[in-house]
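**Student:** This is target.cif (mmCIF, C-alpha atoms).
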data_entry
loop_
_atom_site.label_atom_id
_atom_site.label_comp_id
_atom_site.auth_asym_id
_atom_site.auth_seq_id
_atom_site.Cartn_x
_atom_site.Cartn_y
_atom_site.Cartn_z
CA MET Z 109 -77.51 98.65 -247.82
CA GLY Z 110 -74.05 98.30 -248.93
CA ALA Z 111 -70.54 99.18 -248.24
CA LEU Z 112 -67.75 99.71 -250.63
CA ILE Z 113 -65.54 97.95 -248.18
CA GLN Z 114 -66.21 95.12 -245.74
CA THR Z 115 -67.58 92.78 -248.35
CA LYS Z 116 -65.98 89.78 -249.90
CA GLY Z 117 -66.45 91.55 -253.21
CA THR Z 118 -64.28 94.41 -252.08
CA GLN Z 119 -61.69 92.02 -250.81
CA ALA Z 120 -61.76 90.57 -254.30
CA LEU Z 121 -61.37 94.06 -255.72
CA ALA Z 122 -58.40 94.85 -253.48
CA ALA Z 123 -56.85 91.52 -254.41
CA PHE Z 124 -57.47 92.34 -258.06
CA PHE Z 125 -55.59 95.64 -257.85
CA LYS Z 126 -52.77 94.11 -255.84
CA LYS Z 127 -52.41 91.46 -258.52
CA ARG Z 128 -52.59 93.91 -261.41
CA PHE Z 129 -49.85 96.07 -259.88
CA GLY Z 130 -48.07 93.13 -258.24
CA ASN Z 131 -44.73 91.43 -258.68
CA GLY Z 132 -46.11 88.07 -259.79
CA PRO Z 133 -46.07 86.83 -263.39
CA VAL Z 134 -48.90 87.72 -265.74
CA SER Z 135 -49.53 83.97 -266.27
CA THR Z 136 -47.70 80.68 -266.38
CA THR Z 137 -47.08 81.25 -270.07
CA ASN Z 138 -46.17 84.92 -269.72
CA PRO Z 139 -43.47 85.49 -267.09
CA THR Z 140 -43.66 89.29 -267.36
CA LEU Z 141 -44.26 90.79 -263.92
CA CYS Z 142 -47.70 92.33 -263.65
CA ILE Z 143 -46.44 95.80 -262.77
CA ASP Z 144 -44.06 95.67 -265.73
CA TYR Z 145 -46.95 94.65 -267.97
CA MET Z 146 -48.79 97.74 -266.69
CA ARG Z 147 -45.76 99.86 -267.50
CA GLY Z 148 -45.82 98.48 -271.05
CA ILE Z 149 -49.45 99.35 -271.83
CA SER Z 150 -49.36 102.26 -274.23
CA GLY Z 151 -50.50 105.53 -272.64
CA LEU Z 152 -51.30 104.10 -269.19
CA LYS Z 153 -48.44 105.73 -267.30
CA GLU Z 154 -49.25 109.05 -268.92
CA ALA Z 155 -52.93 108.67 -268.04
CA PHE Z 156 -52.17 108.23 -264.35
CA ALA Z 157 -50.22 111.44 -264.43
CA THR Z 158 -53.13 113.47 -265.78
CA ASP Z 159 -56.58 111.80 -265.66
CA LEU Z 160 -59.20 110.99 -263.06
CA LEU Z 161 -59.29 107.35 -261.99
CA TRP Z 162 -62.67 106.53 -263.52
CA LYS Z 163 -61.62 107.96 -266.86
CA ILE Z 164 -58.46 105.87 -266.82
CA SER Z 165 -60.47 102.78 -265.88
CA ASP Z 166 -62.91 103.35 -268.74
CA LYS Z 167 -60.15 104.04 -271.23
CA PHE Z 168 -58.19 100.82 -270.80
CA LEU Z 169 -60.76 98.11 -271.51
CA GLY Z 170 -59.74 94.73 -272.91
CA GLN Z 171 -56.03 95.56 -272.90
CA TRP Z 172 -54.73 93.09 -270.33
CA ALA Z 173 -52.82 90.03 -271.53
CA ASP Z 174 -55.86 87.72 -271.50
CA GLY Z 175 -58.17 90.29 -273.07
CA SER Z 176 -59.71 91.45 -269.79
CA ASP Z 177 -60.04 95.06 -268.67
CA VAL Z 178 -56.95 96.62 -267.14
CA LEU Z 179 -58.57 98.34 -264.13
CA TYR Z 180 -61.96 96.64 -263.77
CA PRO Z 181 -62.47 93.00 -262.68
CA THR Z 182 -64.27 92.39 -265.98
CA THR Z 183 -63.85 91.79 -269.68
CA THR Z 184 -65.62 94.29 -271.93
CA ILE Z 185 -66.17 93.44 -275.59
CA THR Z 186 -67.76 95.94 -277.93
CA THR Z 187 -67.86 93.97 -281.15
CA VAL Z 188 -71.14 92.14 -280.61
CA ASN Z 189 -73.54 91.66 -283.54
CA ALA Z 190 -77.24 92.40 -283.20
CA ALA Z 191 -79.32 89.87 -281.24
CA ALA Z 192 -83.10 89.49 -281.62
CA VAL Z 193 -85.59 89.69 -278.77
CA GLY Z 194 -85.85 86.30 -277.10
CA SER Z 195 -82.54 85.08 -278.45
CA THR Z 196 -80.11 83.39 -276.14
CA THR Z 197 -77.23 83.54 -278.61
CA LEU Z 198 -74.74 86.36 -278.79
CA ALA Z 199 -72.43 86.47 -281.80
CA PHE Z 200 -69.17 88.35 -281.99
CA GLY Z 201 -67.10 89.75 -284.82
CA SER Z 202 -63.89 88.23 -283.51
CA ALA Z 203 -62.97 85.33 -281.23
CA LEU Z 204 -63.76 85.83 -277.54
CA PRO Z 205 -60.60 86.37 -275.48
CA ALA Z 206 -59.31 83.76 -273.04
CA SER Z 207 -60.64 85.73 -270.09
CA VAL Z 208 -64.25 84.92 -271.07
CA VAL Z 209 -65.26 81.55 -269.63
CA GLN Z 210 -68.43 79.59 -268.98
CA GLY Z 211 -70.39 80.68 -265.90
CA MET Z 212 -69.38 84.34 -265.99
CA ALA Z 213 -72.00 86.98 -265.33
CA ILE Z 214 -72.92 88.95 -268.44
CA ASP Z 215 -74.27 92.48 -268.72
CA ASP Z 216 -74.63 95.13 -271.37
CA ASP Z 217 -74.59 98.00 -268.92
CA ALA Z 218 -71.07 98.93 -269.86
CA PRO Z 219 -69.33 102.15 -268.83
CA GLY Z 220 -70.94 104.99 -270.73
CA SER Z 221 -73.96 102.91 -271.78
CA THR Z 222 -77.55 103.22 -270.55
CA SER Z 223 -78.73 100.04 -272.24
CA THR Z 224 -80.17 97.27 -270.07
CA ALA Z 225 -81.12 94.69 -272.66
CA ILE Z 226 -79.67 91.76 -270.77
CA ARG Z 227 -81.49 90.82 -267.60
CA ASN Z 228 -79.85 90.61 -264.21
CA ARG Z 229 -78.24 87.33 -263.20
CA THR Z 230 -77.64 86.23 -266.76
CA THR Z 231 -74.55 84.08 -267.12
CA VAL Z 232 -72.60 82.46 -269.93
CA ASN Z 233 -74.09 79.03 -270.52
CA SER Z 234 -71.68 77.81 -273.18
CA ILE Z 235 -69.13 79.12 -275.64
CA ALA Z 236 -68.88 77.91 -279.25
CA ALA Z 237 -65.74 76.00 -280.19
CA ASN Z 238 -64.65 78.78 -282.56
CA ARG Z 239 -65.29 81.32 -279.74
CA LEU Z 240 -67.28 83.54 -282.11
CA SER Z 241 -70.56 83.09 -280.25
CA LEU Z 242 -71.97 82.03 -276.90
CA GLN Z 243 -75.22 80.93 -275.29
CA ILE Z 244 -76.54 82.81 -272.30
CA THR Z 245 -78.53 81.10 -269.55
CA SER Z 246 -82.22 80.39 -270.05
CA PRO Z 247 -84.92 80.47 -268.72
CA VAL Z 248 -83.00 82.40 -266.05
CA PRO Z 249 -83.28 85.18 -267.08
CA GLY Z 250 -85.18 83.96 -270.14
CA GLY Z 251 -83.35 85.73 -272.91
CA LEU Z 252 -83.28 89.36 -273.90
CA LYS Z 253 -85.98 91.90 -273.06
CA THR Z 254 -85.19 94.09 -276.05
CA ALA Z 255 -83.05 93.81 -279.13
CA LEU Z 256 -79.37 94.11 -278.52
CA VAL Z 257 -77.87 96.39 -281.10
CA ALA Z 258 -74.63 95.75 -282.92
CA GLY Z 259 -71.69 97.45 -281.30
CA CYS Z 260 -73.17 97.37 -277.81
CA PRO Z 261 -70.53 96.81 -275.14
CA ILE Z 262 -70.91 93.49 -273.34
CA VAL Z 263 -69.37 93.09 -269.88
CA PHE Z 264 -68.31 89.72 -268.50
CA SER Z 265 -67.57 89.45 -264.78
CA ASP Z 266 -67.25 87.00 -261.89
CA SER Z 267 -70.72 85.53 -261.32
CA ASN Z 268 -70.29 85.86 -257.55
CA HIS Z 269 -69.79 89.61 -257.86
CA PRO Z 270 -71.59 90.79 -261.01
CA ASN Z 271 -72.20 94.28 -259.61
CA LEU Z 272 -68.77 94.87 -258.15
CA TRP Z 273 -67.47 96.82 -261.13
CA LYS Z 274 -70.61 98.99 -261.21
CA ARG Z 275 -70.25 99.82 -257.52
CA TRP Z 276 -66.59 100.54 -258.02
CA ARG Z 277 -67.29 102.82 -260.98
CA HIS Z 278 -70.04 104.60 -259.04
CA TYR Z 279 -67.62 105.10 -256.17
CA LEU Z 280 -64.92 106.49 -258.47
CA LYS Z 281 -67.31 108.85 -260.25
CA VAL Z 282 -69.54 109.98 -257.39
CA ASP Z 283 -68.00 109.29 -254.00
CA MET Z 284 -64.31 109.84 -254.53
CA LEU Z 285 -63.06 113.32 -253.72
CA PRO Z 286 -60.80 115.12 -256.21
CA GLU Z 287 -57.95 115.14 -253.71
CA THR Z 288 -58.34 111.39 -253.23
CA HIS Z 289 -58.19 110.86 -256.98
CA SER Z 290 -55.06 112.97 -257.12
CA ALA Z 291 -53.34 111.24 -254.22
CA ILE Z 292 -53.98 107.71 -255.52
CA ALA Z 293 -53.16 108.57 -259.12
CA ALA Z 294 -49.94 110.28 -258.03
CA ALA Z 295 -48.86 107.26 -256.00
CA ILE Z 296 -49.57 104.85 -258.86
CA SER Z 297 -47.93 107.17 -261.39
CA GLU Z 298 -44.77 107.45 -259.31
CA ALA Z 299 -44.50 103.67 -258.97
CA LEU Z 300 -45.13 103.07 -262.68
CA TRP Z 301 -42.53 105.59 -263.86
CA ASP Z 302 -39.89 104.62 -261.28
CA THR Z 303 -38.93 101.05 -262.13
CA SER Z 304 -37.15 100.59 -258.82
CA PHE Z 305 -40.63 100.01 -257.34
CA LYS Z 306 -41.28 96.27 -257.41
CA TYR Z 307 -45.00 96.45 -256.78
CA ILE Z 308 -47.89 98.48 -255.38
CA ASP Z 309 -49.87 97.31 -252.34
CA PHE Z 310 -53.46 98.46 -251.75
CA GLN Z 311 -55.69 98.46 -248.69
CA ALA Z 312 -59.14 99.97 -248.03
CA VAL Z 313 -60.15 100.93 -244.50
CA GLU Z 314 -63.59 102.12 -243.41
CA SER Z 315 -63.50 105.61 -241.96
CA ASP Z 316 -65.82 108.52 -241.21
CA SER Z 317 -63.94 110.70 -243.66
CA GLN Z 318 -62.17 110.08 -246.94
CA LYS Z 319 -58.45 110.25 -247.38
CA ALA Z 320 -55.79 108.45 -249.41
CA LEU Z 321 -52.43 107.81 -247.77
CA HIS Z 322 -49.37 106.43 -249.45
CA ALA Z 323 -45.81 105.66 -248.52
CA THR Z 324 -42.68 104.17 -250.00
CA GLU Z 325 -41.72 101.03 -248.09
CA PHE Z 326 -39.38 98.06 -248.25
CA ASP Z 327 -40.16 94.38 -247.70
CA LEU Z 328 -38.38 92.50 -244.95
CA LEU Z 329 -35.73 89.90 -245.64
CA PRO Z 330 -35.90 86.60 -243.70
CA SER Z 331 -33.16 88.08 -241.53
CA GLY Z 332 -35.50 90.88 -240.51
CA GLN Z 333 -33.47 93.50 -242.38
CA LEU Z 334 -35.14 95.78 -244.92
CA ASN Z 335 -34.74 94.57 -248.48
CA PHE Z 336 -33.32 97.73 -250.02
CA ALA Z 337 -32.01 95.89 -253.07
CA ASN Z 338 -35.19 94.24 -254.30
CA GLY Z 339 -38.08 95.03 -252.01
CA LYS Z 340 -39.15 98.59 -252.71
CA LYS Z 341 -42.92 99.04 -252.90
CA LYS Z 342 -45.58 101.70 -252.84
CA GLN Z 343 -48.19 101.27 -250.12
CA VAL Z 344 -51.57 102.89 -250.80
CA VAL Z 345 -54.28 103.04 -248.11
CA LEU Z 346 -57.75 104.36 -248.92
CA LEU Z 347 -59.65 105.55 -245.85
CA THR Z 348 -63.27 105.92 -246.84
CA ALA Z 349 -66.87 106.01 -245.70
CA ARG Z 350 -69.41 103.67 -247.22
CA THR Z 351 -70.32 104.19 -250.84
CA THR Z 352 -73.49 106.12 -251.71
CA ALA Z 353 -74.26 103.72 -254.54
CA PRO Z 354 -78.03 103.07 -254.67
CA ASP Z 355 -79.36 99.58 -254.07
CA PRO Z 356 -79.85 98.53 -257.71
CA ILE Z 357 -76.18 99.23 -258.29
CA ASP Z 358 -75.02 98.22 -254.89
CA LYS Z 359 -76.56 94.79 -254.54
CA GLN Z 360 -74.30 92.59 -252.47
CA ASP Z 361 -74.47 89.64 -254.81
CA MET Q 142 -57.55 92.40 -243.07
CA SER Q 143 -61.09 92.25 -241.86
CA PHE Q 144 -62.04 90.21 -238.86
CA LEU Q 145 -65.53 89.59 -240.20
CA ASN Q 146 -66.56 90.47 -243.73
CA TRP Q 147 -70.14 91.00 -242.81
CA PRO Q 148 -73.06 93.37 -243.27
CA ALA Q 149 -74.16 96.22 -241.07
CA GLU Q 150 -76.41 96.14 -238.01
CA GLU Q 151 -80.13 96.57 -238.59
CA VAL Q 152 -81.59 97.12 -235.10
CA LEU Q 153 -79.88 99.25 -232.50
CA PRO Q 154 -80.05 98.24 -228.82
CA ASN Q 155 -81.47 100.82 -226.44
CA ARG Q 156 -79.46 103.88 -225.54
CA ARG Q 157 -78.46 102.67 -222.07
CA ILE Q 158 -77.07 99.39 -223.42
CA GLN Q 159 -75.28 101.29 -226.17
CA GLN Q 160 -73.57 103.57 -223.67
CA ARG Q 161 -72.58 100.61 -221.51
CA ARG Q 162 -71.09 98.87 -224.54
CA ARG Q 163 -69.23 102.01 -225.44
CA ARG Q 164 -67.65 102.24 -221.99
CA VAL Q 165 -66.74 98.56 -222.10
CA VAL Q 166 -65.00 98.78 -225.43
CA LEU Q 167 -63.19 102.01 -224.54
CA ASP Q 168 -61.90 100.30 -221.41
CA LEU Q 169 -60.73 97.35 -223.49
CA LEU Q 170 -59.07 99.62 -226.03
CA ASP Q 171 -57.22 101.28 -223.18
CA LYS Q 172 -56.07 97.91 -221.81
CA PHE Q 173 -54.88 96.73 -225.22
CA GLY Q 174 -53.23 100.06 -225.91
CA ARG Q 175 -51.17 99.75 -222.75
CA ALA Q 176 -50.37 96.07 -223.37
CA PHE Q 177 -49.39 96.60 -227.02
CA PRO Q 178 -48.15 100.20 -227.28
CA GLU Q 179 -46.81 99.69 -230.80
CA ILE Q 180 -50.41 99.54 -232.04
CA THR Q 181 -52.94 102.37 -232.22
CA TYR Q 182 -56.45 101.22 -231.30
CA GLU Q 183 -59.42 103.15 -232.69
CA LEU Q 184 -63.20 103.00 -232.28
CA LEU Q 185 -65.56 104.14 -235.07
CA TRP Q 186 -68.62 104.21 -232.87
CA GLN Q 187 -70.99 105.66 -235.47
CA SER Q 188 -70.29 102.97 -238.05
CA PRO Q 189 -72.97 100.25 -238.30
CA THR Q 190 -70.49 97.80 -239.77
CA ILE Q 191 -70.22 94.54 -237.84
CA ASN Q 192 -66.50 94.28 -238.21
CA ALA Q 193 -63.02 95.18 -237.06
CA GLN Q 194 -59.90 95.71 -239.10
CA ALA Q 195 -56.12 95.70 -238.81
CA TRP Q 196 -54.21 98.03 -241.10
CA ARG Q 197 -50.91 99.80 -241.35
CA LEU Q 198 -48.94 102.44 -243.21
CA GLY Q 199 -45.19 102.69 -242.90
CA SER Q 200 -44.27 101.78 -239.35
CA ALA Q 201 -47.67 102.82 -237.96
CA ARG Q 202 -49.96 99.91 -237.05
CA TYR Q 203 -53.65 100.26 -236.37
CA VAL Q 204 -56.60 98.23 -235.11
CA ARG Q 205 -59.97 99.75 -235.89
CA VAL Q 206 -63.24 98.44 -234.45
CA TYR Q 207 -66.65 99.49 -235.77
CA GLY Q 208 -69.75 100.34 -233.75
CA GLY Q 209 -71.92 97.64 -235.33
CA LEU Q 210 -69.72 94.96 -233.84
CA VAL Q 211 -69.42 96.61 -230.43
CA ARG Q 212 -73.21 96.95 -230.14
CA HIS Q 213 -74.01 93.46 -231.40
CA ARG Q 214 -76.10 91.60 -228.83
CA ALA Q 215 -74.45 88.22 -229.48
CA ILE Q 216 -71.19 89.19 -227.81
CA THR Q 217 -70.04 90.50 -224.45
CA LYS Q 218 -66.84 92.18 -223.34
CA TYR Q 219 -65.15 88.79 -223.54
CA GLY Q 220 -65.97 88.42 -227.21
CA LEU Q 221 -64.88 91.98 -227.86
CA ALA Q 222 -61.59 91.26 -226.12
CA LEU Q 223 -60.99 88.19 -228.26
CA MET Q 224 -61.80 90.21 -231.36
CA LEU Q 225 -59.23 92.86 -230.36
CA ALA Q 226 -56.72 90.12 -229.56
CA HIS Q 227 -57.33 88.64 -233.01
CA GLU Q 228 -56.79 91.96 -234.78
CA THR Q 229 -53.65 92.53 -232.72
CA GLY Q 230 -52.56 89.08 -233.82
CA HIS Q 231 -52.69 90.19 -237.45
CA HIS Q 232 -49.85 92.58 -236.58
CA LEU Q 233 -47.89 90.58 -234.03
CA GLY Q 234 -48.86 86.94 -234.58
CA GLY Q 235 -45.92 86.03 -236.85
CA PRO Q 236 -46.00 83.45 -239.66
CA PRO Q 237 -47.80 82.13 -241.60
CA TYR Q 238 -48.75 85.36 -243.29
CA ASP Q 239 -51.76 86.24 -245.38
CA HIS Q 240 -51.32 85.60 -249.10
CA ALA Q 241 -53.02 88.77 -250.24
CA MET Q 242 -51.41 90.95 -247.57
CA PRO Q 243 -48.09 89.38 -246.66
CA TRP Q 244 -47.39 92.00 -243.99
CA LEU Q 245 -50.34 90.63 -241.95
CA THR Q 246 -50.48 87.39 -240.05
CA TRP Q 247 -52.90 84.88 -241.58
CA GLN Q 248 -56.41 84.68 -240.10
CA GLY Q 249 -55.94 81.29 -238.41
CA GLN Q 250 -52.60 82.21 -236.89
CA ALA Q 251 -54.08 85.52 -235.67
CA ASP Q 252 -56.78 83.51 -233.88
CA TYR Q 253 -54.22 81.15 -232.38
CA TRP Q 254 -51.92 83.95 -231.22
CA ALA Q 255 -54.92 85.80 -229.77
CA ALA Q 256 -55.88 82.85 -227.58
CA ARG Q 257 -52.40 81.69 -226.68
CA THR Q 258 -50.54 84.99 -226.22
CA ALA Q 259 -52.71 88.09 -226.15
CA MET Q 260 -55.58 86.96 -223.96
CA PRO Q 261 -53.26 85.85 -221.11
CA ILE Q 262 -51.54 89.25 -221.27
CA ILE Q 263 -54.90 91.02 -220.91
CA TRP Q 264 -56.71 88.63 -218.56
CA GLY Q 265 -53.96 86.92 -216.61
CA ARG Q 266 -55.05 83.75 -214.81
CA ARG Q 267 -58.62 84.20 -215.97
CA ALA Q 268 -57.53 84.02 -219.61
CA ARG Q 269 -58.44 80.39 -220.32
CA GLY Q 270 -62.02 80.66 -219.10
CA VAL Q 271 -62.57 84.06 -220.67
CA THR Q 272 -61.16 82.90 -224.00
CA LEU Q 273 -63.37 79.82 -224.16
CA LYS Q 274 -66.45 81.86 -223.31
CA ALA Q 275 -65.46 84.47 -225.89
CA ALA Q 276 -64.82 81.78 -228.48
CA ARG Q 277 -68.34 80.44 -228.05
CA GLU Q 278 -69.76 83.92 -228.52
CA MET Q 279 -67.69 84.58 -231.61
CA VAL Q 280 -68.62 81.24 -233.17
CA GLN Q 281 -72.30 82.02 -232.66
CA LEU Q 282 -71.84 85.44 -234.24
CA HIS Q 283 -69.77 83.98 -237.06
CA ARG Q 284 -72.47 81.39 -237.82
CA SER Q 285 -75.32 83.90 -237.78
CA LEU Q 286 -73.55 86.29 -240.10
CA THR Q 287 -72.24 83.64 -242.45
CA SER Q 288 -75.78 82.43 -243.06
CA GLN Q 289 -76.71 85.91 -244.35
CA LEU Q 290 -74.14 85.79 -247.09
CA GLU Q 291 -74.92 83.45 -249.94
CA ASP Q 292 -71.60 83.48 -251.69
CA ASP Q 293 -69.29 84.62 -248.96
CA GLU Q 294 -67.13 81.74 -247.93
CA PRO Q 295 -64.70 82.60 -245.13
CA ASP Q 296 -61.23 81.11 -245.01
CA LEU Q 297 -62.11 79.22 -241.83
CA SER Q 298 -65.34 77.60 -240.72
CA PRO Q 299 -66.81 78.64 -237.34
CA ASP Q 300 -66.06 75.16 -235.97
CA CYS Q 301 -62.43 75.36 -237.04
CA ARG Q 302 -62.05 78.80 -235.52
CA TYR Q 303 -63.38 77.44 -232.24
CA SER Q 304 -60.84 74.61 -232.42
CA ILE Q 305 -58.06 77.13 -232.96
CA TRP Q 306 -59.12 79.28 -230.02
CA TYR Q 307 -59.60 76.21 -227.85
CA SER Q 308 -56.14 74.88 -228.74
CA GLY Q 309 -54.54 78.26 -228.14
CA ALA Q 310 -56.24 78.72 -224.79
CA LEU Q 311 -55.13 75.27 -223.62
CA GLY Q 312 -51.59 75.64 -224.95
CA LYS Q 313 -52.01 72.92 -227.54
CA ASP Q 314 -50.67 72.90 -231.11
CA MET Q 315 -52.56 74.50 -233.99
CA PRO Q 316 -55.38 72.09 -234.95
CA SER Q 317 -55.24 70.16 -238.21
CA CYS Q 318 -58.32 71.92 -239.63
CA ALA Q 319 -56.37 75.20 -239.64
CA LEU Q 320 -53.35 73.66 -241.30
CA GLU Q 321 -55.60 72.12 -243.95
CA ALA Q 322 -57.40 75.43 -244.52
CA PHE Q 323 -54.10 77.25 -244.98
CA ALA Q 324 -52.90 74.63 -247.46
CA LEU Q 325 -56.17 74.95 -249.38
CA ILE Q 326 -55.86 78.72 -249.55
CA SER Q 327 -52.28 78.36 -250.74
CA ASP Q 328 -53.46 76.11 -253.57
CA ASP Q 329 -56.27 78.53 -254.49
CA ASN Q 330 -53.84 81.42 -254.48
CA GLN Q 331 -51.51 79.54 -256.78
CA ARG Q 332 -54.37 78.82 -259.17
CA LEU Q 333 -55.31 82.51 -259.21
CA MET Q 334 -51.74 83.40 -260.07
CA ASP Q 335 -51.82 80.87 -262.91
#
Would you mind writing the file's structure down as structure tokens?
**Tutor:**
Amino acid sequence: MGALIQTKGTQALAAFFKKRFGNGPVSTTNPTLCIDYMRGISGLKEAFATDLLWKISDKFLGQWADGSDVLYPTTTITTVNAAAVGSTTLAFGSALPASVVQGMAIDDDAPGSTSTAIRNRTTVNSIAANRLSLQITSPVPGGLKTALVAGCPIVFSDSNHPNLWKRWRHYLKVDMLPETHSAIAAAISEALWDTSFKYIDFQAVESDSQKALHATEFDLLPSGQLNFANGKKKQVVLLTARTTAPDPIDKQD
Amino acid sequence: MSFLNWPAEEVLPNRRIQQRRRRVVLDLLDKFGRAFPEITYELLWQSPTINAQAWRLGSARYVRVYGGLVRHRAITKYGLALMLAHETGHHLGGPPYDHAMPWLTWQGQADYWAARTAMPIIWGRRARGVTLKAAREMVQLHRSLTSQLEDDEPDLSPDCRYSIWYSGALGKDMPSCALEAFALISDDNQRLMD
């Protein structure tokens, strides 16, 4: 069972994209608008003009301001040292970014990897003061089933939705039609290159067929007039059937 | 904006009941379409999703209802009407607006507008009684579906939603639980932005 849309997780995903391409500040300490931060990431605008969405998502890991992934609701870190079977400690070659916090779900099933050393439902128990290592929860899941090799990508995500990024990646790679990829990428590309766009708005709607629609729109002023001066946005609507992601990937937890 | 963020149906009612439900909802869609011609109402009968959704692109506004909700045994045509009124309220209910989708009326206000404005347009003098009956059905459905979702916490509790519908139907002000919920969501949204 499972739907790409109609779950709280997908609402979270839509909210994530709206924030990443939004007109709010990156953080309280970084007043750069999110869409402008996107525009400043080296190679991202060019990628949207040429690549498939899943390739772009996989390419821009760990490059957001807080160290999280640009287009997944996760933080992926590939500089882990080896960890022995039964260990609950993971050590890293450099300090963990600010986006990694206690309680996050942790997985080593990163994009492009087939490793499953870390059991399901493992979370970050504590982080060392120097942020070079962390403890994962035990006895749930009870440590590592097999050795974790050095250089293995580790994925940190919201513990309420640890499989959301996997479902999303499955959807991008398997379910999304080439013309849908093209339509969404073209809309995002246009809004990233044309700085008169103030933000991009996303919505997913369940449908019996798949189609991406987009339009250039303007926000309303309090007077009810269109805000031509400062309210230009790109609206993207994804009409889609349910994802075909299998249950192990598509668990609704 | 989803009306209910819930799972899909698991057991289908018999064919005769299904066809009756289909006629009922098509009749309601026709009524709403005539009452609110600026909105396009759609039925995805084959979908098992227990949900309905308001969405838009450009000046086009849509309300889409899925088969899983229409066929659900916990609600009657009254509950379906309130659901359609709620989704219509996301487009026409006015402020306060949703934080994530500022072009849509917030969930609680959509409920209030549904009970206070849309249901009387559709049901006339019967509106108050129909709305209260529908509200009881929707609360029961809301409760049963919420219990299936471990980590899914809706913006509004079933009890608060009933209070909103009740207040709207009786022409009272928005209840305090809704105002408190909206303030809480505003705080959460601010924290997310930080």
**Student:** The PyMOL selection byres ((chain Z and resi 214) around 8) on the file shown: which residues, as number ranges by chain?
**Tutor:** Z: 212-213, 215-216, 226, 229-232, 262-265, 270
**Student:** Take the selection from the previous step and output its residues with C-alpha atoms, as a PDB file, in the frame of the given file.
**Tutor:**
ATOM      1  CA  MET Z 212     -69.380  84.340-265.990  1.00  0.00           C
ATOM      2  CA  ALA Z 213     -72.000  86.980-265.330  1.00  0.00           C
ATOM      3  CA  ASP Z 215     -74.270  92.480-268.720  1.00  0.00           C
ATOM      4  CA  ASP Z 216     -74.630  95.130-271.370  1.00  0.00           C
ATOM      5  CA  ILE Z 226     -79.670  91.760-270.770  1.00  0.00           C
ATOM      6  CA  ARG Z 229     -78.240  87.330-263.200  1.00  0.00           C
ATOM      7  CA  THR Z 230     -77.640  86.230-266.760  1.00  0.00           C
ATOM      8  CA  THR Z 231     -74.550  84.080-267.120  1.00  0.00           C
ATOM      9  CA  VAL Z 232     -72.600  82.460-269.930  1.00  0.00           C
ATOM     10  CA  ILE Z 262     -70.910  93.490-273.340  1.00  0.00           C
ATOM     11  CA  VAL Z 263     -69.370  93.090-269.880  1.00  0.00           C
ATOM     12  CA  PHE Z 264     -68.310  89.720-268.500  1.00  0.00           C
ATOM     13  CA  SER Z 265     -67.570  89.450-264.780  1.00  0.00           C
ATOM     14  CA  PRO Z 270     -71.590  90.790-261.010  1.00  0.00           C
TER      15      PRO Z 270
END
**Student:** Find the spatial neighbours of Ala256 of chain Q, counting only C-alpha atoms, within a cut-off of 8 Å - ignore same-chain residues fewer than 4 positions away - and output them as a ChimeraX atom specification.
**Tutor:** /Q:223,226,252,260-261,272,306-307,309-310
**Student:** Distance atom CA of Gly259 of chain Z-atom CA of Trp276 of chain Z, one decimal place?
**Tutor:**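 Pair atom CA of Gly259 of chain Z / atom CA of Trp276 of chain Z returns 24.0 Å.
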**Student:** Looking at all atoms listed in the file, which of Q:Leu184, Q:Leu233, Q:Leu225, Q:Ala319 is the one that sits closest to Tyr207 of chain Q?
**Tutor:**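 Smallest distance to Tyr207 of chain Q is found for Q:Leu184.
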**Student:** Measure the distance from atom CA of Lys167 of chain Z to atom CA of Phe124 of chain Z in Å and round it to one decimal.
**Tutor:**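 Atom CA of Lys167 of chain Z sits 17.8 Å away from atom CA of Phe124 of chain Z.
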**Student:** For the atom pair atom CA of Val208 of chain Z and atom CA of Phe125 of chain Z, what is the interatomic distance in Å to one decimal place?
**Tutor:**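 Computed distance, atom CA of Val208 of chain Z to atom CA of Phe125 of chain Z, equals 19.1 Å.
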**Student:** I'd like the residues picked by the PyMOL selection byres ((chain Z and resi 130) around 8) written out as a list of chain:residue names, using the chain letters and numbers from the file.
**Tutor:**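 Checking the PyMOL selection byres ((chain Z and resi 130) around 8) against this file, the residues are Z:Phe125, Z:Lys126, Z:Lys127, Z:Arg128, Z:Phe129, Z:Asn131, Z:Gly132, Z:Leu141, Z:Cys142, Z:Ile143, Z:Lys306, Z:Tyr307, Z:Ile308, Z:Asp309.
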**Student:** With distances taken over all atoms listed in the file, which residue among Q:Gln160, Q:Gln248, Q:Thr258, Q:Thr190 lies nearest chain Z?
**Tutor:** Q:Thr190
**Student:** Using only C-alpha atoms, can you list as a PyMOL selection string the residues within 10 Å of (-41.9, 108.8, -244.7)?
**Tutor:** (chain Z and resi 322-325) or (chain Q and resi 198-200)
**Student:** Check the smallest atom-to-atom distance from each of Z:Leu272, Z:Leu300, Z:Ala199, Z:Val345 to Asn238 of chain Z using only C-alpha atoms, then report the winner.
**Tutor:**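 For Asn238 of chain Z, the nearest of the candidates is Z:Ala199.
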**Student:** Check which residues satisfy the PyMOL selection byres ((chain Q and resi 236) around 9) in the file shown, then give them as a PyMOL selection string.
**Tutor:** chain Q and resi 234-235+237-239+245-247+250
**Student:** Kindly indicate which residue among Z:Tyr180, Z:Trp301, Z:Phe326, Z:Trp172 lies nearest to chain Q, using all atoms listed in the file for the distances.
**Tutor:**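 Closest to chain Q of all the choices is Z:Phe326.
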**Student:** Neighbours of Arg205 of chain Q within 8 Å (all atoms listed in the file; same-chain residues fewer than 2 positions away dropped), as a count of residues only?
**Tutor:** 10
